$ cat my_file21.cif   # mmCIF, C-alpha atoms
data_entry
loop_
_atom_site.label_atom_id
_atom_site.label_comp_id
_atom_site.auth_asym_id
_atom_site.auth_seq_id
_atom_site.Cartn_x
_atom_site.Cartn_y
_atom_site.Cartn_z
CA MET A 1 -1.18 15.76 39.41
CA ALA A 2 0.01 19.00 37.87
CA ALA A 3 -2.49 21.31 36.18
CA ILE A 4 0.05 21.92 33.43
CA GLU A 5 3.14 19.86 32.72
CA MET A 6 5.57 20.83 29.95
CA ARG A 7 8.72 18.90 29.07
CA GLY A 8 11.32 20.24 26.64
CA VAL A 9 8.72 22.25 24.78
CA GLN A 10 9.80 24.12 21.70
CA LYS A 11 7.57 26.03 19.34
CA SER A 12 8.73 27.62 16.14
CA TYR A 13 6.74 29.63 13.66
CA TYR A 14 8.67 28.99 10.45
CA LEU A 15 12.15 30.18 11.44
CA ALA A 16 11.16 32.21 14.50
CA ARG A 17 11.45 30.30 17.76
CA ALA A 18 8.70 31.42 20.15
CA LEU A 19 9.44 28.91 22.91
CA ASP A 20 12.88 27.48 23.39
CA GLY A 21 13.02 24.52 25.75
CA ILE A 22 10.30 25.00 28.38
CA ASP A 23 10.15 22.65 31.38
CA LEU A 24 7.28 23.74 33.53
CA SER A 25 5.02 22.26 36.15
CA ILE A 26 2.05 24.27 37.43
CA GLU A 27 0.40 23.06 40.61
CA PRO A 28 -3.38 22.77 40.62
CA GLY A 29 -5.59 25.07 42.70
CA LYS A 30 -3.57 28.20 42.22
CA ILE A 31 -3.66 31.50 40.44
CA VAL A 32 -0.47 31.75 38.44
CA GLY A 33 0.95 34.86 36.78
CA LEU A 34 2.68 34.26 33.46
CA LEU A 35 4.77 37.40 33.24
CA GLY A 36 6.97 38.71 30.50
CA PRO A 37 7.38 41.45 27.92
CA ASN A 38 5.70 41.36 24.52
CA GLY A 39 7.14 38.58 22.39
CA ALA A 40 8.39 36.54 25.35
CA GLY A 41 6.22 33.57 24.35
CA LYS A 42 3.36 33.97 26.83
CA SER A 43 0.55 33.62 24.29
CA THR A 44 2.26 30.69 22.60
CA LEU A 45 2.54 28.88 25.93
CA LEU A 46 -1.14 29.42 26.75
CA LYS A 47 -2.29 28.40 23.27
CA LEU A 48 -0.30 25.15 23.55
CA CYS A 49 -2.15 24.38 26.80
CA ALA A 50 -5.47 25.25 25.21
CA GLY A 51 -4.72 22.89 22.30
CA LEU A 52 -4.97 25.66 19.73
CA ILE A 53 -1.45 24.98 18.46
CA HIS A 54 0.95 22.06 18.71
CA PRO A 55 4.53 22.02 19.94
CA THR A 56 7.38 21.68 17.45
CA ALA A 57 9.10 19.46 20.03
CA GLY A 58 8.43 18.25 23.55
CA SER A 59 5.26 17.34 25.39
CA VAL A 60 2.38 19.28 26.93
CA ARG A 61 0.07 17.68 29.46
CA VAL A 62 -2.93 19.43 30.93
CA LEU A 63 -4.97 18.20 33.94
CA GLY A 64 -2.98 14.97 33.88
CA GLN A 65 -3.61 14.10 30.23
CA GLU A 66 -2.31 14.84 26.75
CA VAL A 67 -4.09 17.91 25.36
CA SER A 68 -7.23 16.59 23.66
CA LEU A 69 -10.94 17.28 23.26
CA LYS A 70 -11.34 15.90 26.77
CA THR A 71 -8.99 18.46 28.30
CA LYS A 72 -10.45 21.22 26.11
CA ALA A 73 -13.87 20.57 27.63
CA ARG A 74 -12.40 21.33 31.06
CA THR A 75 -10.29 24.30 29.94
CA ALA A 76 -11.46 27.86 29.36
CA PHE A 77 -9.21 29.90 27.12
CA VAL A 78 -9.64 33.67 27.07
CA PRO A 79 -7.90 34.99 23.94
CA GLU A 80 -6.32 38.43 23.90
CA ILE A 81 -8.45 39.40 20.91
CA ASP A 82 -12.02 38.23 21.31
CA THR A 83 -13.82 36.27 18.65
CA PHE A 84 -17.34 37.60 19.24
CA TYR A 85 -19.48 38.56 16.23
CA GLY A 86 -20.22 42.28 16.16
CA TRP A 87 -23.77 41.80 14.90
CA MET A 88 -24.79 39.67 17.88
CA THR A 89 -26.11 40.97 21.16
CA VAL A 90 -24.36 40.15 24.43
CA SER A 91 -26.91 37.50 25.32
CA GLU A 92 -26.77 35.94 21.83
CA ALA A 93 -22.97 35.75 22.06
CA LEU A 94 -23.21 34.06 25.45
CA ARG A 95 -25.83 31.61 24.14
CA LEU A 96 -23.43 30.72 21.34
CA GLU A 97 -20.72 30.08 23.97
CA ALA A 98 -23.18 27.94 25.94
CA SER A 99 -23.86 25.86 22.82
CA MET A 100 -20.14 25.07 22.62
CA PHE A 101 -19.43 24.53 26.32
CA ALA A 102 -21.77 22.33 28.33
CA ASP A 103 -20.45 23.61 31.65
CA ILE A 104 -21.72 27.21 31.32
CA ASP A 105 -23.98 28.05 34.26
CA PRO A 106 -26.81 30.40 33.11
CA ALA A 107 -27.33 31.71 36.67
CA GLU A 108 -23.65 32.65 36.85
CA VAL A 109 -23.93 34.41 33.48
CA THR A 110 -26.81 36.58 34.76
CA GLU A 111 -24.99 37.31 38.01
CA LEU A 112 -21.71 38.23 36.29
CA LEU A 113 -23.46 40.49 33.75
CA ARG A 114 -25.10 42.33 36.64
CA GLU A 115 -21.87 42.54 38.61
CA LEU A 116 -19.88 43.88 35.67
CA LYS A 117 -22.75 46.16 34.54
CA LEU A 118 -23.05 44.65 31.08
CA ASP A 119 -26.34 45.03 29.22
CA ALA A 120 -27.46 41.66 27.82
CA ARG A 121 -29.31 43.42 24.99
CA ALA A 122 -26.37 45.56 23.86
CA ARG A 123 -24.92 44.83 20.43
CA ILE A 124 -21.30 43.59 20.55
CA ALA A 125 -20.23 46.10 17.88
CA HIS A 126 -21.37 48.92 20.15
CA LEU A 127 -19.39 47.77 23.20
CA SER A 128 -16.30 49.63 24.38
CA LYS A 129 -12.99 47.78 24.60
CA GLY A 130 -13.36 47.51 28.38
CA MET A 131 -16.84 46.03 28.02
CA ARG A 132 -15.65 43.48 25.47
CA ALA A 133 -12.89 42.51 27.89
CA LYS A 134 -15.50 42.04 30.61
CA LEU A 135 -17.66 39.96 28.28
CA LYS A 136 -14.71 37.61 27.61
CA LEU A 137 -14.41 37.24 31.36
CA VAL A 138 -18.12 36.43 31.75
CA ALA A 139 -17.83 33.72 29.11
CA ALA A 140 -14.85 32.12 30.88
CA MET A 141 -15.81 32.53 34.54
CA SER A 142 -19.41 31.36 34.12
CA ARG A 143 -18.04 27.95 33.14
CA LYS A 144 -17.08 25.31 35.66
CA ALA A 145 -13.70 24.91 33.99
CA ASP A 146 -10.89 23.31 36.02
CA LEU A 147 -8.29 25.29 34.12
CA VAL A 148 -8.72 28.89 32.99
CA LEU A 149 -6.10 30.39 30.67
CA MET A 150 -6.31 34.16 30.24
CA ASP A 151 -4.16 35.85 27.63
CA GLU A 152 -3.53 39.50 28.54
CA PRO A 153 -6.96 40.12 30.09
CA LEU A 154 -5.90 43.63 31.16
CA ALA A 155 -4.23 44.87 27.97
CA GLY A 156 -5.40 48.15 26.52
CA ILE A 157 -8.31 48.85 28.85
CA ASP A 158 -8.86 51.68 31.32
CA PRO A 159 -7.99 51.43 35.05
CA PRO A 160 -11.58 51.08 36.39
CA ALA A 161 -12.28 48.21 33.97
CA ARG A 162 -8.96 46.58 34.91
CA ALA A 163 -9.88 46.87 38.60
CA ALA A 164 -13.31 45.33 37.94
CA ILE A 165 -11.73 42.44 36.04
CA LEU A 166 -9.19 41.71 38.78
CA GLU A 167 -11.94 41.85 41.39
CA THR A 168 -14.10 39.44 39.43
CA ILE A 169 -11.23 36.99 39.03
CA ALA A 170 -10.50 37.18 42.79
CA THR A 171 -14.11 36.54 43.80
CA ARG A 172 -15.16 34.00 41.14
CA TYR A 173 -12.08 31.84 41.44
CA ARG A 174 -12.82 28.58 43.25
CA PRO A 175 -9.91 28.36 45.72
CA GLY A 176 -8.06 25.09 45.71
CA GLU A 177 -10.16 23.52 42.93
CA GLN A 178 -9.55 25.72 39.96
CA THR A 179 -6.26 26.69 38.34
CA ILE A 180 -6.06 30.06 36.64
CA VAL A 181 -3.09 31.11 34.52
CA ILE A 182 -3.01 34.79 33.60
CA SER A 183 -0.49 36.23 31.17
CA THR A 184 0.22 39.91 31.59
CA HIS A 185 2.84 42.59 31.62
CA GLU A 186 0.67 44.78 33.86
CA VAL A 187 2.38 43.33 36.91
CA LEU A 188 1.91 46.30 39.21
CA GLU A 189 -1.85 45.99 39.28
CA SER A 190 -2.22 42.26 39.15
CA GLU A 191 0.55 40.96 41.39
CA LYS A 192 -1.57 40.62 44.55
CA LEU A 193 -3.64 38.06 42.70
CA PHE A 194 -0.88 35.51 42.15
CA ASP A 195 0.07 32.49 44.26
CA ASP A 196 2.92 31.63 41.95
CA VAL A 197 4.61 33.41 39.08
CA VAL A 198 6.53 32.35 35.98
CA PHE A 199 8.70 34.96 34.29
CA LEU A 200 9.21 34.36 30.58
CA SER A 201 11.86 36.08 28.54
CA GLY A 202 12.91 35.33 24.97
CA GLY A 203 11.04 32.02 24.89
CA ARG A 204 12.66 30.69 28.07
CA ILE A 205 11.74 30.64 31.74
CA ALA A 206 13.79 33.36 33.43
CA LEU A 207 12.50 32.72 36.96
CA GLN A 208 9.62 31.02 38.70
CA GLY A 209 8.40 30.58 42.22
CA ASN A 210 5.93 31.40 44.94
CA ALA A 211 4.98 35.11 44.85
CA ASP A 212 5.33 35.88 48.57
CA GLN A 213 8.53 33.84 48.80
CA LEU A 214 10.08 35.80 45.94
CA ARG A 215 9.14 39.03 47.73
CA VAL A 216 11.00 37.83 50.81
CA GLU A 217 14.04 36.55 48.89
CA LYS A 218 14.41 39.63 46.70
CA GLY A 219 12.99 42.26 49.06
CA LYS A 220 11.16 43.54 46.01
CA SER A 221 7.72 43.65 44.49
CA LEU A 222 7.06 41.29 41.59
CA ASN A 223 6.91 44.37 39.40
CA GLU A 224 10.49 45.20 40.37
CA VAL A 225 11.55 41.57 39.92
CA PHE A 226 9.99 41.72 36.46
CA ALA A 227 12.20 44.69 35.54
CA GLU A 228 15.22 42.77 36.84
CA VAL A 229 14.77 39.41 35.10
CA CYS A 230 12.89 40.17 31.88
CA MET B 1 -8.38 47.74 57.60
CA GLU B 2 -5.60 49.56 55.81
CA LEU B 3 -6.06 48.76 52.15
CA ARG B 4 -2.81 50.10 50.77
CA PHE B 5 -0.18 47.47 50.22
CA ASP B 6 3.57 47.50 49.91
CA GLU B 7 4.05 44.94 47.15
CA SER B 8 7.64 44.25 48.19
CA ILE B 9 6.44 42.61 51.43
CA PRO B 10 4.56 39.28 51.45
CA ILE B 11 0.86 40.04 50.92
CA TYR B 12 -0.29 37.42 53.43
CA GLN B 13 1.84 39.11 56.11
CA GLN B 14 0.27 42.49 55.39
CA ILE B 15 -3.25 41.08 55.63
CA LEU B 16 -2.29 39.40 58.90
CA GLN B 17 -0.78 42.65 60.26
CA GLY B 18 -3.87 44.57 59.13
CA VAL B 19 -6.13 42.33 61.22
CA LEU B 20 -3.76 42.50 64.21
CA TRP B 21 -3.76 46.31 64.07
CA ASP B 22 -7.54 46.38 63.81
CA VAL B 23 -7.78 44.25 66.94
CA ALA B 24 -5.07 46.27 68.73
CA VAL B 25 -6.79 49.63 68.21
CA GLY B 26 -10.25 48.24 68.85
CA ALA B 27 -11.51 48.65 65.27
CA VAL B 28 -12.74 45.05 65.53
CA GLU B 29 -13.93 43.84 68.90
CA PRO B 30 -13.42 40.49 70.58
CA GLY B 31 -16.03 38.04 69.34
CA SER B 32 -16.84 40.00 66.18
CA ARG B 33 -16.90 38.43 62.76
CA LEU B 34 -14.13 39.17 60.26
CA PRO B 35 -14.97 39.61 56.57
CA SER B 36 -15.22 36.29 54.75
CA VAL B 37 -12.22 35.19 52.69
CA ARG B 38 -14.12 36.14 49.55
CA GLU B 39 -15.15 39.57 50.89
CA LEU B 40 -11.63 40.43 51.97
CA SER B 41 -10.11 39.19 48.77
CA LYS B 42 -12.56 41.38 46.84
CA LEU B 43 -11.82 44.38 49.05
CA THR B 44 -8.07 43.99 48.70
CA ARG B 45 -8.16 42.53 45.16
CA SER B 46 -5.86 39.83 46.37
CA ASN B 47 -5.80 36.10 46.03
CA PRO B 48 -8.34 34.20 48.22
CA ASN B 49 -5.62 31.62 48.94
CA THR B 50 -3.48 34.42 50.38
CA VAL B 51 -6.32 35.69 52.59
CA GLN B 52 -6.98 32.12 53.71
CA ARG B 53 -3.32 31.72 54.60
CA ALA B 54 -3.39 34.91 56.73
CA TYR B 55 -6.56 33.71 58.52
CA MET B 56 -4.98 30.31 59.19
CA GLU B 57 -1.92 31.97 60.66
CA LEU B 58 -4.12 34.20 62.86
CA GLU B 59 -5.95 31.10 64.02
CA ARG B 60 -2.65 29.41 64.84
CA MET B 61 -1.70 32.51 66.87
CA GLY B 62 -4.95 32.18 68.79
CA VAL B 63 -6.31 35.56 67.66
CA VAL B 64 -9.22 34.27 65.59
CA GLU B 65 -11.29 31.13 65.45
CA THR B 66 -13.23 29.63 62.59
CA GLN B 67 -16.77 28.51 63.30
CA ARG B 68 -17.94 25.96 60.81
CA GLY B 69 -20.26 27.48 58.23
CA GLN B 70 -20.41 30.78 60.11
CA GLY B 71 -17.09 32.38 59.37
CA THR B 72 -13.99 33.63 61.11
CA PHE B 73 -14.31 35.46 64.44
CA VAL B 74 -11.94 37.33 66.71
CA VAL B 75 -11.74 35.21 69.88
CA GLY B 76 -14.27 36.31 72.49
CA ASP B 77 -11.92 36.76 75.43
CA PRO B 78 -11.33 40.55 75.91
CA SER B 79 -7.77 39.92 77.07
CA ILE B 80 -6.94 39.26 73.43
CA ILE B 81 -6.78 43.03 72.85
CA GLY B 82 -3.96 43.45 75.35
CA GLU B 83 -2.09 40.46 73.99
CA VAL B 84 -2.33 41.68 70.41
CA ARG B 85 -1.41 45.23 71.45
CA THR B 86 1.70 43.94 73.17
CA ASN B 87 2.59 41.89 70.13
CA VAL B 88 2.05 44.74 67.64
CA THR B 89 3.70 47.35 69.86
CA SER B 90 6.80 45.40 70.71
CA SER B 91 7.40 44.48 67.09
CA ALA B 92 7.04 48.17 66.09
CA VAL B 93 9.39 49.27 68.86
CA ARG B 94 11.82 46.47 68.06
CA SER B 95 12.10 47.41 64.43
CA PHE B 96 12.47 51.10 65.32
CA VAL B 97 15.25 50.37 67.79
CA GLU B 98 17.00 48.00 65.36
CA GLU B 99 16.94 50.66 62.69
CA MET B 100 18.32 53.35 65.02
CA ARG B 101 21.08 50.98 66.14
CA ARG B 102 21.98 50.38 62.51
CA LEU B 103 22.29 54.17 62.32
CA LYS B 104 24.78 53.90 65.21
CA TYR B 105 22.71 55.67 67.88
CA SER B 106 23.46 54.92 71.53
CA ASP B 107 20.58 53.88 73.79
CA GLU B 108 20.50 57.38 75.29
CA GLY B 109 20.61 58.89 71.83
CA ILE B 110 17.58 56.82 70.76
CA ILE B 111 15.59 57.91 73.82
CA GLU B 112 16.54 61.55 73.21
CA LEU B 113 15.36 61.25 69.59
CA VAL B 114 12.02 59.93 70.78
CA ARG B 115 11.67 62.67 73.43
CA GLU B 116 12.43 65.31 70.82
CA GLN B 117 9.93 63.85 68.39
CA LEU B 118 7.32 63.73 71.14
CA ARG B 119 7.95 67.39 72.02
CA ASN B 120 7.74 68.45 68.38
CA THR B 121 4.48 66.63 67.77
CA ARG B 122 2.78 67.24 71.12
CA GLY B 123 0.36 69.80 69.67
CA LEU B 124 -0.64 67.44 66.88
CA GLN B 125 -1.29 64.64 69.31
CA LYS B 126 -3.91 66.72 71.22
CA GLU B 127 -5.74 67.62 68.03
CA ASN B 128 -6.09 63.97 67.23
CA PRO B 129 -8.31 62.33 69.85
CA ALA B 130 -8.38 59.11 67.84
CA GLN B 131 -4.93 58.32 69.21
CA GLU B 132 -6.03 58.62 72.81
CA PRO B 133 -6.66 55.00 73.69
CA CYS B 134 -3.31 54.02 72.24
CA GLU B 135 -0.15 53.58 74.20
CA SER B 136 1.76 56.86 74.25
CA GLY B 137 5.24 57.30 72.83
CA THR B 138 6.64 57.92 76.31
CA GLU B 139 5.34 54.58 77.42
CA MET B 140 7.03 53.00 74.44
CA VAL B 141 10.33 54.53 75.49
CA GLN B 142 9.80 53.24 78.99
CA ARG B 143 9.13 49.83 77.57
CA THR B 144 12.34 49.79 75.60
CA THR B 145 14.44 50.94 78.54
CA GLY B 146 12.54 48.72 80.94
CA GLU B 147 12.20 51.57 83.44
CA LEU B 148 8.51 51.43 84.13
CA SER B 149 7.40 48.03 83.05
CA GLU B 150 4.39 48.11 85.39
CA VAL B 151 2.92 51.09 83.54
CA ILE B 152 2.94 49.12 80.36
CA ALA B 153 1.69 45.96 81.95
CA ASP B 154 -1.93 46.75 81.11
CA GLY B 155 -0.95 48.44 77.86
CA ARG B 156 -3.08 51.52 78.60
CA ASN B 157 -2.72 55.16 79.61
#
$ encode --input "my_file21.cif" --output "structure tokens"
Amino acid sequence: MAAIEMRGVQKSYYLARALDGIDLSIEPGKIVGLLGPNGAGKSTLLKLCAGLIHPTAGSVRVLGQEVSLKTKARTAFVPEIDTFYGWMTVSEALRLEASMFADIDPAEVTELLRELKLDARARIAHLSKGMRAKLKLVAAMSRKADLVLMDEPLAGIDPPARAAILETIATRYRPGEQTIVISTHEVLESEKLFDDVVFLSGGRIALQGNADQLRVEKGKSLNEVFAEVC
Amino acid sequence: MELRFDESIPIYQQILQGVLWDVAVGAVEPGSRLPSVRELSKLTRSNPNTVQRAYMELERMGVVETQRGQGTFVVGDPSIIGEVRTNVTSSAVRSFVEEMRRLKYSDEGIIELVREQLRNTRGLQKENPAQEPCESGTEMVQRTTGELSEVIADGRN
């Protein structure tokens, strides 16, 4: 059973076509890089899987079922722009998350806050961009979600925070059980994290495959392959 | 373990090579425990599945063994060092020789290049005692030409 299965998916926003005929199957138990320049359709693809938007045509199946409340309960979506309330503290924001998702593990929350050096009493409005990015990660990785969809988790934050985020993903990921799809154009830093990669360009799949196999076939890093195909 | 990666080469291969080198130079001893998959994936910021794949390959090669619930260990038999050294050395020499042949050097030419390089770097070698237990460049040349195979047999100075 594929973690994500898309057949002939199209998505248009009024006249603009964001995705143009996507056939995609993502194997479960892997960390997958969804790579492409801005406007390639990465966010649209992730939002379709998260059930936040619906396809104009085609079908999207997640964890073996049509996208529904059931699949949403097992999916963690990390939006590029967080939806936390500035007036809340970190711990209040995480309690709000816990009220929406039954699978949040409070012990994991405490552990992740410590690991990422986030103060539970800090007010969201006072957090730096890097800290807010880390908080999004805490909310997603403290859940027992079978599918984690991260939209540009590295965008616009400084190198140490990016390193901390990549490290947390590598260590919190449950190998073989969990599927993580990460959209990014910061390929250089993140490419060691991927089992498989999907390159998106202009709403279509430009190339996909196993990361190490592509390195062998092309004799190039994924970052160089990115420059070639996107 | 060397933590810099060349992203144009399969990551699992580089992790595998890193462990082999560590065993070859004695940085990890026979019978010692390797970092857990999670530890190494944190250290290298790479995918735990990739680390696992490298460990499985090392196990298949007979270099490490997994003990249930305890972790992954370099096999206890001290002869593993020699075996791994031979493996690492011959693959380094092979790729060097292949590259020189692509550059159209004759066998004698290759050996002369190595001699010259050894002469030019002799001073440096002495200042760097860390290299002492390793096979010397001269021995590598002898290995490639097959002149003194008995010297190399134990893989030591």
$ atom_distance --input "my_file21.cif" --atom1 "atom CA of A:Leu154" --atom2 "atom CA of A:Leu188"
11.5 Å
$ closest_residue --input "my_file21.cif" --among "A:Gly33, A:Ser68, A:Leu96, A:Asn38" --to "A:Leu193" --atoms "all atoms listed in the file"
A:Gly33
$ closest_residue --input "my_file21.cif" --among "B:Val23, B:Leu3, B:Val28, B:Ile9" --to "B:Thr86" --atoms "all atoms listed in the file"
B:Val23
$ atom_distance --input "my_file21.cif" --atom1 "atom CA of A:Leu45" --atom2 "atom CA of A:Thr179"
15.4 Å
$ interface_residues --input "my_file21.cif" --of "chain B" --to "chain A" --cutoff "8 Å" --atoms "only C-alpha atoms" --output "mmCIF file with C-alpha atoms, keeping the file's coordinate frame"
data_model
loop_
_atom_site.group_PDB
_atom_site.id
_atom_site.type_symbol
_atom_site.label_atom_id
_atom_site.label_comp_id
_atom_site.auth_asym_id
_atom_site.auth_seq_id
_atom_site.Cartn_x
_atom_site.Cartn_y
_atom_site.Cartn_z
ATOM 1 C CA ASP B 6 3.570 47.500 49.910
ATOM 2 C CA GLU B 7 4.050 44.940 47.150
ATOM 3 C CA SER B 8 7.640 44.250 48.190
ATOM 4 C CA ILE B 9 6.440 42.610 51.430
ATOM 5 C CA PRO B 10 4.560 39.280 51.450
ATOM 6 C CA ILE B 11 0.860 40.040 50.920
ATOM 7 C CA TYR B 12 -0.290 37.420 53.430
ATOM 8 C CA ARG B 38 -14.120 36.140 49.550
ATOM 9 C CA GLU B 39 -15.150 39.570 50.890
ATOM 10 C CA SER B 41 -10.110 39.190 48.770
ATOM 11 C CA LYS B 42 -12.560 41.380 46.840
ATOM 12 C CA ARG B 45 -8.160 42.530 45.160
ATOM 13 C CA SER B 46 -5.860 39.830 46.370
ATOM 14 C CA ASN B 47 -5.800 36.100 46.030
ATOM 15 C CA PRO B 48 -8.340 34.200 48.220
ATOM 16 C CA ASN B 49 -5.620 31.620 48.940
ATOM 17 C CA THR B 50 -3.480 34.420 50.380
#
$ build_atoms --input "my_file21.cif" --residues "stretch 144-158 of chain A" --atoms "N, CA, C and O atoms" --output "tab-separated table (two decimals), keeping the file's coordinate frame"
chain	number	residue	atom	x	y	z
A	144	LYS	N	-17.64	26.03	34.50
A	144	LYS	CA	-17.08	25.31	35.66
A	144	LYS	C	-15.72	24.72	35.30
A	144	LYS	O	-15.37	23.64	35.75
A	145	ALA	N	-14.96	25.44	34.50
A	145	ALA	CA	-13.70	24.91	33.99
A	145	ALA	C	-12.68	24.69	35.11
A	145	ALA	O	-12.59	25.48	36.04
A	146	ASP	N	-11.93	23.60	35.02
A	146	ASP	CA	-10.89	23.31	36.02
A	146	ASP	C	-9.64	24.13	35.76
A	146	ASP	O	-8.86	24.39	36.66
A	147	LEU	N	-9.46	24.50	34.49
A	147	LEU	CA	-8.29	25.29	34.12
A	147	LEU	C	-8.75	26.49	33.29
A	147	LEU	O	-9.46	26.32	32.30
A	148	VAL	N	-8.38	27.68	33.73
A	148	VAL	CA	-8.72	28.89	32.99
A	148	VAL	C	-7.42	29.54	32.53
A	148	VAL	O	-6.52	29.78	33.34
A	149	LEU	N	-7.31	29.77	31.23
A	149	LEU	CA	-6.10	30.39	30.67
A	149	LEU	C	-6.49	31.75	30.12
A	149	LEU	O	-7.34	31.84	29.22
A	150	MET	N	-5.94	32.81	30.68
A	150	MET	CA	-6.31	34.16	30.24
A	150	MET	C	-5.11	34.83	29.61
A	150	MET	O	-4.09	35.04	30.26
A	151	ASP	N	-5.26	35.20	28.34
A	151	ASP	CA	-4.16	35.85	27.63
A	151	ASP	C	-4.34	37.36	27.68
A	151	ASP	O	-5.25	37.89	27.05
A	152	GLU	N	-3.50	38.03	28.43
A	152	GLU	CA	-3.53	39.50	28.54
A	152	GLU	C	-4.93	40.05	28.79
A	152	GLU	O	-5.40	40.91	28.04
A	153	PRO	N	-5.59	39.64	29.87
A	153	PRO	CA	-6.96	40.12	30.09
A	153	PRO	C	-7.04	41.61	30.44
A	153	PRO	O	-8.12	42.18	30.42
A	154	LEU	N	-5.88	42.23	30.73
A	154	LEU	CA	-5.90	43.63	31.16
A	154	LEU	C	-5.37	44.59	30.09
A	154	LEU	O	-5.37	45.81	30.29
A	155	ALA	N	-4.93	44.03	28.96
A	155	ALA	CA	-4.23	44.87	27.97
A	155	ALA	C	-5.17	45.87	27.32
A	155	ALA	O	-6.26	45.53	26.86
A	156	GLY	N	-4.73	47.12	27.29
A	156	GLY	CA	-5.40	48.15	26.52
A	156	GLY	C	-6.75	48.60	27.04
A	156	GLY	O	-7.54	49.15	26.28
A	157	ILE	N	-7.04	48.36	28.31
A	157	ILE	CA	-8.31	48.85	28.85
A	157	ILE	C	-8.07	49.80	30.02
A	157	ILE	O	-7.00	49.78	30.62
A	158	ASP	N	-9.08	50.62	30.33
A	158	ASP	CA	-8.86	51.68	31.32
A	158	ASP	C	-8.80	51.12	32.75
A	158	ASP	O	-9.26	50.03	33.01
